[in-house]
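This is model.txt (compact mmCIF, C-alpha atoms).
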```txt
# COMPACT_ATOMS: atom_id res chain seq x y z
CA MET Q 26 -0.04 32.17 48.71
CA SER Q 27 0.50 35.27 50.80
CA ASN Q 28 1.74 38.59 49.42
CA LEU Q 29 2.36 39.91 52.92
CA CYS Q 30 5.26 38.53 54.93
CA MET Q 31 4.26 38.00 58.56
CA GLY Q 32 6.56 35.11 59.40
CA GLY Q 33 7.47 34.82 63.06
CA GLY Q 34 6.52 38.29 64.24
CA GLY Q 35 2.80 38.80 63.90
CA HIS Q 36 -0.44 37.48 62.50
CA TYR Q 37 -2.74 38.11 59.57
CA ALA Q 38 -5.90 40.11 60.25
CA THR Q 39 -9.09 41.16 58.46
CA ARG Q 40 -10.28 44.76 58.22
CA GLU Q 41 -12.79 43.97 60.94
CA GLU Q 42 -10.07 42.70 63.26
CA VAL Q 43 -7.92 45.74 62.55
CA ALA Q 44 -10.89 48.00 63.42
CA LEU Q 45 -11.01 46.42 66.88
CA VAL Q 46 -7.43 47.42 67.72
CA PRO Q 47 -7.59 50.23 70.29
CA THR Q 48 -5.72 53.42 69.55
CA PRO Q 49 -3.60 54.83 72.41
CA GLU Q 50 -4.66 58.17 73.79
CA ALA Q 51 -3.02 61.17 72.21
CA THR Q 52 -0.66 63.46 74.07
CA SER Q 53 0.31 67.06 73.43
CA SER Q 54 3.25 65.91 71.29
CA TRP Q 55 2.01 62.63 69.84
CA LYS Q 56 -1.28 61.83 68.10
CA PRO Q 57 -1.38 58.21 66.92
CA VAL Q 58 -3.38 57.48 63.77
CA PRO Q 59 -5.93 54.65 64.14
CA HIS Q 60 -4.95 51.70 61.93
CA TYR Q 61 -8.42 51.43 60.46
CA GLU Q 62 -8.47 55.11 59.48
CA VAL Q 63 -5.28 54.61 57.48
CA ILE Q 64 -6.83 51.67 55.60
CA GLU Q 65 -10.07 53.57 54.97
CA ALA Q 66 -8.23 56.68 53.75
CA VAL Q 67 -6.17 54.66 51.28
CA THR Q 68 -9.28 52.81 50.07
CA GLU Q 69 -11.20 56.03 49.47
CA VAL Q 70 -8.35 57.65 47.55
CA VAL Q 71 -7.62 54.52 45.47
CA GLN Q 72 -11.28 54.31 44.45
CA ALA Q 73 -11.35 58.04 43.68
CA HIS Q 74 -8.46 57.41 41.27
CA GLN Q 75 -10.67 54.84 39.52
CA TRP Q 76 -8.42 51.99 40.62
CA VAL Q 77 -9.92 48.73 41.81
CA ILE Q 78 -8.61 46.79 44.81
CA LEU Q 79 -8.32 43.19 43.58
CA GLU Q 80 -7.07 41.73 46.84
CA GLU Q 81 -5.91 42.97 50.21
CA GLN Q 82 -4.05 41.53 53.17
CA PHE Q 83 -3.31 43.01 56.55
CA GLY Q 84 -1.16 41.93 59.46
CA LEU Q 85 -0.71 43.03 63.04
CA ALA Q 86 2.40 42.72 65.19
CA ARG Q 87 3.42 43.60 68.73
CA GLU Q 88 -0.10 43.01 70.09
CA GLY Q 89 -1.64 45.29 67.49
CA ALA Q 90 0.84 48.13 67.87
CA LYS Q 91 2.09 47.70 64.30
CA LEU Q 92 0.00 47.43 61.14
CA PHE Q 93 1.27 46.13 57.81
CA GLY Q 94 -0.82 45.82 54.66
CA VAL Q 95 -0.77 45.15 50.93
CA MET Q 96 -3.43 46.12 48.41
CA LYS Q 97 -3.23 44.63 44.93
CA ILE Q 98 -4.70 47.00 42.36
CA ASN Q 99 -5.88 46.58 38.80
CA ARG Q 100 -3.21 48.57 36.98
CA SER Q 101 -0.03 47.01 35.63
CA SER Q 102 2.19 47.12 32.56
CA SER Q 103 2.92 43.39 32.64
CA LEU Q 104 1.15 40.06 32.93
CA GLU Q 105 4.00 38.79 35.11
CA TRP Q 106 3.28 40.97 38.12
CA CYS Q 107 0.60 42.98 39.79
CA ARG Q 108 0.94 46.48 41.15
CA CYS Q 109 0.56 46.79 44.91
CA ILE Q 110 0.38 49.51 47.50
CA GLY Q 111 2.20 48.77 50.72
CA ILE Q 112 0.81 50.25 53.94
CA ARG Q 113 2.25 50.53 57.41
CA ASN Q 114 1.36 52.30 60.63
CA SER Q 115 2.35 52.06 64.28
CA HIS Q 116 0.96 52.92 67.69
CA ASP Q 117 4.28 52.58 69.50
CA LYS Q 118 6.20 55.41 67.80
CA SER Q 119 8.43 52.92 65.96
CA PHE Q 120 7.55 54.36 62.54
CA SER Q 121 5.14 56.80 60.96
CA VAL Q 122 2.26 56.19 58.58
CA GLY Q 123 3.77 55.06 55.28
CA LEU Q 124 2.76 54.14 51.74
CA THR Q 125 5.00 52.65 49.09
CA ALA Q 126 4.70 51.21 45.61
CA GLY Q 127 5.38 47.54 45.00
CA ILE Q 128 4.84 44.64 42.64
CA THR Q 129 3.87 41.08 43.38
CA VAL Q 130 5.44 38.50 41.10
CA ILE Q 131 2.38 36.49 40.15
CA CYS Q 132 3.95 33.06 39.78
CA CYS Q 133 5.12 32.90 43.39
CA SER Q 134 3.41 35.84 45.12
CA ASN Q 135 6.76 37.25 46.20
CA MET Q 136 6.80 40.94 46.89
CA ALA Q 137 9.42 43.26 45.46
CA PHE Q 138 8.97 46.69 46.98
CA GLY Q 139 10.50 49.64 45.25
CA GLY Q 140 10.98 53.34 45.61
CA SER Q 141 10.72 55.01 48.98
CA MET Q 142 7.90 55.69 51.37
CA VAL Q 143 5.93 58.48 49.67
CA LEU Q 144 3.95 59.20 52.81
CA LYS Q 145 5.62 59.67 56.18
CA ARG Q 146 3.52 61.33 58.83
CA ARG Q 147 3.67 60.42 62.50
CA HIS Q 148 0.40 62.04 63.59
CA THR Q 149 -2.36 63.90 61.80
CA SER Q 150 -6.11 64.44 61.73
CA ARG Q 151 -8.52 62.36 59.66
CA ILE Q 152 -9.04 65.17 57.13
CA GLU Q 153 -5.31 65.84 56.82
CA LEU Q 154 -4.67 62.12 56.40
CA CYS Q 155 -7.00 61.85 53.39
CA ASP Q 156 -5.34 64.87 51.77
CA LEU Q 157 -1.88 63.44 52.36
CA VAL Q 158 -2.88 60.01 51.04
CA ASP Q 159 -4.35 61.63 47.92
CA LYS Q 160 -1.03 63.32 47.15
CA ALA Q 161 0.90 60.16 48.00
CA VAL Q 162 -1.13 57.99 45.62
CA ASP Q 163 -0.42 60.48 42.83
CA GLU Q 164 3.29 60.04 43.56
CA LEU Q 165 2.95 56.26 43.57
CA GLU Q 166 2.28 56.25 39.83
CA ASN Q 167 5.83 57.42 39.16
CA GLU Q 168 7.20 54.93 41.70
CA PHE Q 169 5.38 52.10 39.89
CA LEU Q 170 6.90 53.09 36.55
CA ILE Q 171 10.43 53.21 37.99
CA LEU Q 172 9.96 49.84 39.66
CA GLU Q 173 8.57 48.17 36.54
CA ASN Q 174 11.31 49.57 34.30
CA VAL Q 175 13.99 48.27 36.67
CA ALA Q 176 12.26 44.87 36.84
CA GLU Q 177 12.33 44.60 33.05
CA ASP Q 178 16.06 45.36 33.05
CA LEU Q 179 16.73 42.78 35.76
CA LYS Q 180 15.06 40.08 33.66
CA VAL Q 181 17.59 40.45 30.83
CA ALA Q 182 20.72 41.05 32.92
CA TYR Q 183 22.54 37.71 33.29
CA LEU Q 184 25.08 36.85 35.95
CA ASP Q 185 28.43 35.80 34.51
CA ASN Q 186 28.89 32.69 36.64
CA ASP Q 187 28.23 31.07 40.02
CA ASP Q 188 31.08 32.97 41.65
CA GLU Q 189 29.40 36.26 40.78
CA ALA Q 190 26.16 35.05 42.35
CA ARG Q 191 28.00 34.01 45.50
CA SER Q 192 29.84 37.31 45.81
CA ARG Q 193 26.63 39.34 45.30
CA ILE Q 194 24.83 37.33 47.97
CA VAL Q 195 27.65 37.86 50.46
CA ARG Q 196 27.69 41.57 49.64
CA ALA Q 197 23.92 41.75 50.18
CA ALA Q 198 24.39 40.21 53.62
CA GLU Q 199 27.04 42.83 54.39
CA LEU Q 200 24.51 45.51 53.40
CA GLY Q 201 21.89 44.07 55.75
CA ALA Q 202 19.51 42.65 53.15
CA ILE Q 203 19.65 39.17 54.71
CA ASN Q 204 21.04 37.54 57.81
CA SER Q 205 24.51 36.09 57.28
CA SER Q 206 23.11 32.67 58.18
CA ASP Q 207 20.94 32.86 55.04
CA ILE Q 208 23.75 33.27 52.52
CA VAL Q 209 23.70 29.56 51.68
CA PRO Q 210 19.86 29.29 51.57
CA VAL Q 211 19.71 32.22 49.13
CA TYR Q 212 22.34 30.62 46.92
CA LYS Q 213 20.50 27.28 46.95
CA GLU Q 214 17.24 29.01 46.02
CA PHE Q 215 19.03 30.76 43.16
CA LYS Q 216 20.56 27.54 41.85
CA THR Q 217 17.42 25.41 42.29
CA PRO Q 218 14.51 27.88 42.38
CA SER Q 219 11.13 26.90 43.76
CA HIS Q 220 9.50 28.25 40.59
CA GLU Q 221 10.62 27.37 37.07
CA GLU Q 222 10.11 30.95 35.93
CA PHE Q 223 13.39 31.76 37.70
CA LEU Q 224 15.59 29.06 36.17
CA GLU Q 225 17.52 31.58 34.06
CA PRO Q 226 20.55 32.94 35.99
CA THR Q 227 19.50 36.59 35.84
CA ARG Q 228 19.49 39.39 38.37
CA TRP Q 229 15.70 39.00 38.46
CA SER Q 230 16.09 35.38 39.52
CA LEU Q 231 18.64 36.38 42.15
CA LEU Q 232 16.21 38.96 43.54
CA ASN Q 233 13.57 36.24 43.75
CA ALA Q 234 15.97 34.02 45.69
CA PHE Q 235 16.31 36.81 48.23
CA THR Q 236 12.59 37.52 48.53
CA GLU Q 237 11.79 33.81 48.87
CA THR Q 238 14.24 33.60 51.75
CA VAL Q 239 13.12 36.70 53.66
CA LYS Q 240 9.53 35.43 53.81
CA LYS Q 241 10.40 33.76 57.11
CA TYR Q 242 11.55 37.00 58.75
CA THR Q 243 9.50 39.06 61.18
CA PRO Q 244 7.61 42.05 59.69
CA GLN Q 245 10.17 44.43 61.15
CA ARG Q 246 13.08 42.48 59.66
CA VAL Q 247 11.25 42.14 56.33
CA ASP Q 248 10.88 45.92 56.25
CA VAL Q 249 14.63 46.33 56.70
CA SER Q 250 15.36 43.62 54.14
CA TYR Q 251 13.15 45.18 51.48
CA ALA Q 252 14.75 48.58 51.97
CA ALA Q 253 18.20 47.03 51.62
CA LEU Q 254 17.18 44.98 48.57
CA ASN Q 255 15.80 48.13 46.95
CA ARG Q 256 19.26 49.66 47.15
CA CYS Q 257 21.05 46.43 46.24
CA PHE Q 258 19.08 45.98 43.01
CA GLY Q 259 18.32 49.62 42.17
CA LEU Q 260 14.58 49.22 42.68
CA ASP Q 261 14.53 52.78 43.98
CA GLY Q 262 15.75 54.13 40.64
CA ARG Q 263 19.32 54.67 41.80
CA ILE Q 264 22.50 52.79 40.84
CA PRO Q 265 22.25 49.26 42.31
CA LEU Q 266 24.74 48.82 45.12
CA LEU Q 267 25.44 45.19 44.21
CA TRP Q 268 26.78 46.29 40.82
CA GLU Q 269 28.07 49.73 41.70
CA LYS Q 270 31.45 50.39 40.13
```

Could you show the structure in this file as structure tokens?
Amino acid sequence: MSNLCMGGGGHYATREEVALVPTPEATSSWKPVPHYEVIEAVTEVVQAHQWVILEEQFGLAREGAKLFGVMKINRSSSLEWCRCIGIRNSHDKSFSVGLTAGITVICCSNMAFGGSMVLKRRHTSRIELCDLVDKAVDELENEFLILENVAEDLKVAYLDNDDEARSRIVRAAELGAINSSDIVPVYKEFKTPSHEEFLEPTRWSLLNAFTETVKKYTPQRVDVSYAALNRCFGLDGRIPLLWEK
């Protein structure tokens, strides 16, 4: 099963296919970074940190203007998930080069992204990019630890009843984590999860219900959803908005 959500707004691509995407010509004020150079820079730095890429997936949207990627790496504190590095880049000025820490829940290959983008640079040279990625990967280690600690807490935090689940789902929709039309699908996934590992009515199971549902969104909408879910569940290390007093 896929770790990268590309539903409805793009297609999966290999490294070779990404390398074929033309990069727009630079201007005096804008210097787009080739997608393939971003992937290569991250690969070089990851290997220099003695990490091993276990699996990778890439996707292109808007006729190649947007790149999304996930690299699963061989370092984790739990057998239940795998650490991942999320990658994004654009050639249409919609967002800058970005890296973020994430975990893939192994039983269902859902992605739960945490923290914030530790690399945000709209245009740079190849040498500068490698230097920036090197510093960003160092920062990812702390992001991974925050994310994993929060995940452990979510697993033991039970919801009081069905009404609490319903109210949290509605609140998440108000915060932009899901479309309002998906309030009922999220609740159904929470009550009758696709994977038995999420039968317990915990915040962790509720998060899974959300991530299962947003798989169908476009890459751009998924990006927005993950950012909102980070805040909703405190995956960024701050007080979770869904339970903020």

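Here CA of Glu153 (chain Q) is placed at a distance of 27.2 Å from CA of Pro244 (chain Q).
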
Contacts of Lys180 (chain Q) at 8 Å (all atoms listed in the file; same-chain gap of 3+ positions) as a ChimeraX atom specification: /Q:176-177,183,227-230

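Distance check against Gly123 (chain Q) using only C-alpha atoms: of Q:Leu170, Q:Ala90, Q:Ile64, Q:Val71, the minimum falls on Q:Ile64.
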
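Relative to CA of Val70 (chain Q), CA of Asp159 (chain Q) is found at 5.7 Å.
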
Skip Ser192 (chain Q) itself and residues of its chain fewer than 5 positions away, then list as an NGL selection string all residues within 10 Å of it, counting all atoms listed in the file. :Q and (187 or 197-198 or 208 or 267)

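The two atoms in question, CA of Gly127 (chain Q) and CA of Arg108 (chain Q), are spaced 6.0 Å apart.
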
Minimum-distance residue to Phe169 (chain Q), chosen among Q:Thr125, Q:Thr52, Q:Thr236, Q:Asn99 (using all atoms listed in the file): Q:Thr125

Give me the residues near Thr217 (chain Q) as a count of residues only, where near means some atom within 12 Å (using all atoms listed in the file) and where sequence neighbours in that chain fewer than 5 positions away do not count. 12

Nearest to Ala44 (chain Q) among Q:Leu85, Q:Glu69, Q:Val209, Q:Lys56, with distances taken over only C-alpha atoms: which residue is it? Q:Leu85

Show which residues sit within 12 Å of Leu154 (chain Q), as number ranges by chain. Count all atoms listed in the file, and ignore same-chain residues fewer than 6 positions away. Q: 57-60, 62-67, 69-70, 122-124, 144-148, 160-161

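Using all atoms listed in the file, the smallest distance between any of Q:Ser119, Q:Arg87, Q:Ile171, Q:Phe93 and Asn255 (chain Q) comes from Q:Ile171.
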
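Residue nearest Glu189 (chain Q) within the list Q:Ser54, Q:Tyr37, Q:Glu166, Q:Phe215: Q:Phe215 [criterion: smallest interatomic distance, all atoms listed in the file].
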
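Of the residues under consideration (Q:Lys241, Q:Lys213, Q:Arg246, Q:Arg196), Q:Arg196 shows the shortest atom-to-atom contact distance to Glu269 (chain Q) when counting all atoms listed in the file.
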
Around all of region 77-82 of chain Q's listed atoms, make the axis-aligned box with 3 Å on each side and tell me centre and edge lengths in Å to one decimal, as JSON.
```
{"center_x": -7.0, "center_y": 45.1, "center_z": 47.5, "size_x": 11.9, "size_y": 13.2, "size_z": 17.4}
```

Select, counting all atoms listed in the file, all protein, DNA and RNA residues no farther than 12 Å from (13.1, 51.5, 40.9) in file coordinates, and express the selection as a PyMOL selection string. chain Q and resi 125-128+137-141+165-179+252+254-265

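Residues surrounding Gln245 (chain Q) within 12 Å are Cys30, Met31, Gly32, Gly33, Gly34, Gly35, Gly84, Leu85, Ala86, Arg87, Lys91, Leu92, Phe93, Arg113, Asn114, Ser115, Ser119, Phe120, Val239, Lys240, Lys241, Tyr242, Asp248, Val249, Ser250, Tyr251 and Ala252 of chain Q [all atoms listed in the file; sequence separation below 3 positions excluded].
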
Regenerate region 97-130 of chain Q at the level of N, CA and C atoms and dump it as a compact mmCIF listing (two decimals), in the frame of the given file.
```txt
# COMPACT_ATOMS: atom_id res chain seq x y z
N LYS Q 97 -3.49 44.86 46.35
CA LYS Q 97 -3.23 44.63 44.93
C LYS Q 97 -4.26 45.43 44.13
N ILE Q 98 -3.79 46.17 43.16
CA ILE Q 98 -4.70 47.00 42.36
C ILE Q 98 -4.67 46.59 40.90
N ASN Q 99 -5.64 47.10 40.14
CA ASN Q 99 -5.88 46.58 38.80
C ASN Q 99 -5.11 47.29 37.69
N ARG Q 100 -4.00 47.89 38.01
CA ARG Q 100 -3.21 48.57 36.98
C ARG Q 100 -1.81 47.99 36.95
N SER Q 101 -1.37 47.57 35.77
CA SER Q 101 -0.03 47.01 35.63
C SER Q 101 0.38 47.06 34.16
N SER Q 102 1.67 47.11 33.93
CA SER Q 102 2.19 47.12 32.56
C SER Q 102 2.62 45.74 32.11
N SER Q 103 2.45 44.73 32.97
CA SER Q 103 2.92 43.39 32.64
C SER Q 103 1.97 42.33 33.17
N LEU Q 104 1.94 41.19 32.47
CA LEU Q 104 1.15 40.06 32.93
C LEU Q 104 1.90 39.25 33.97
N GLU Q 105 3.17 39.57 34.19
CA GLU Q 105 4.00 38.79 35.11
C GLU Q 105 3.90 39.26 36.55
N TRP Q 106 3.40 40.47 36.76
CA TRP Q 106 3.28 40.97 38.12
C TRP Q 106 2.05 41.84 38.26
N CYS Q 107 1.75 42.14 39.49
CA CYS Q 107 0.60 42.98 39.79
C CYS Q 107 1.08 44.15 40.65
N ARG Q 108 0.59 45.33 40.34
CA ARG Q 108 0.94 46.48 41.15
C ARG Q 108 0.31 46.38 42.54
N CYS Q 109 1.05 46.84 43.53
CA CYS Q 109 0.56 46.79 44.91
C CYS Q 109 0.89 48.10 45.62
N ILE Q 110 0.08 48.41 46.60
CA ILE Q 110 0.38 49.51 47.50
C ILE Q 110 0.68 48.92 48.86
N GLY Q 111 1.84 49.23 49.39
CA GLY Q 111 2.20 48.77 50.72
C GLY Q 111 1.82 49.82 51.75
N ILE Q 112 1.29 49.36 52.87
CA ILE Q 112 0.81 50.25 53.94
C ILE Q 112 1.48 49.86 55.25
N ARG Q 113 1.80 50.84 56.07
CA ARG Q 113 2.25 50.53 57.41
C ARG Q 113 1.85 51.66 58.36
N ASN Q 114 1.70 51.31 59.61
CA ASN Q 114 1.36 52.30 60.63
C ASN Q 114 1.76 51.72 61.99
N SER Q 115 1.99 52.57 62.95
CA SER Q 115 2.35 52.06 64.28
C SER Q 115 1.70 52.91 65.37
N HIS Q 116 1.47 52.25 66.50
CA HIS Q 116 0.96 52.92 67.69
C HIS Q 116 2.00 52.98 68.79
N ASP Q 117 3.23 52.59 68.47
CA ASP Q 117 4.28 52.58 69.50
C ASP Q 117 5.45 53.49 69.14
N LYS Q 118 5.21 54.41 68.20
CA LYS Q 118 6.20 55.41 67.80
C LYS Q 118 7.40 54.82 67.05
N SER Q 119 7.30 53.55 66.65
CA SER Q 119 8.43 52.92 65.96
C SER Q 119 8.58 53.41 64.52
N PHE Q 120 7.48 53.74 63.87
CA PHE Q 120 7.55 54.36 62.54
C PHE Q 120 6.25 55.09 62.27
N SER Q 121 6.30 55.99 61.29
CA SER Q 121 5.14 56.80 60.96
C SER Q 121 4.26 56.09 59.93
N VAL Q 122 3.11 56.69 59.65
CA VAL Q 122 2.26 56.19 58.58
C VAL Q 122 3.07 56.19 57.29
N GLY Q 123 2.98 55.12 56.51
CA GLY Q 123 3.77 55.06 55.28
C GLY Q 123 3.05 54.34 54.16
N LEU Q 124 3.25 54.81 52.94
CA LEU Q 124 2.76 54.14 51.74
C LEU Q 124 3.93 53.97 50.79
N THR Q 125 3.96 52.85 50.08
CA THR Q 125 5.00 52.65 49.09
C THR Q 125 4.44 51.84 47.93
N ALA Q 126 5.08 51.97 46.78
CA ALA Q 126 4.70 51.21 45.61
C ALA Q 126 5.41 49.87 45.62
N GLY Q 127 4.77 48.86 45.07
CA GLY Q 127 5.38 47.54 45.00
C GLY Q 127 4.78 46.72 43.88
N ILE Q 128 5.42 45.60 43.60
CA ILE Q 128 4.84 44.64 42.64
C ILE Q 128 4.90 43.26 43.27
N THR Q 129 3.89 42.47 42.98
CA THR Q 129 3.87 41.08 43.38
C THR Q 129 4.12 40.24 42.14
N VAL Q 130 5.15 39.39 42.21
CA VAL Q 130 5.44 38.50 41.10
C VAL Q 130 4.40 37.39 41.14
```
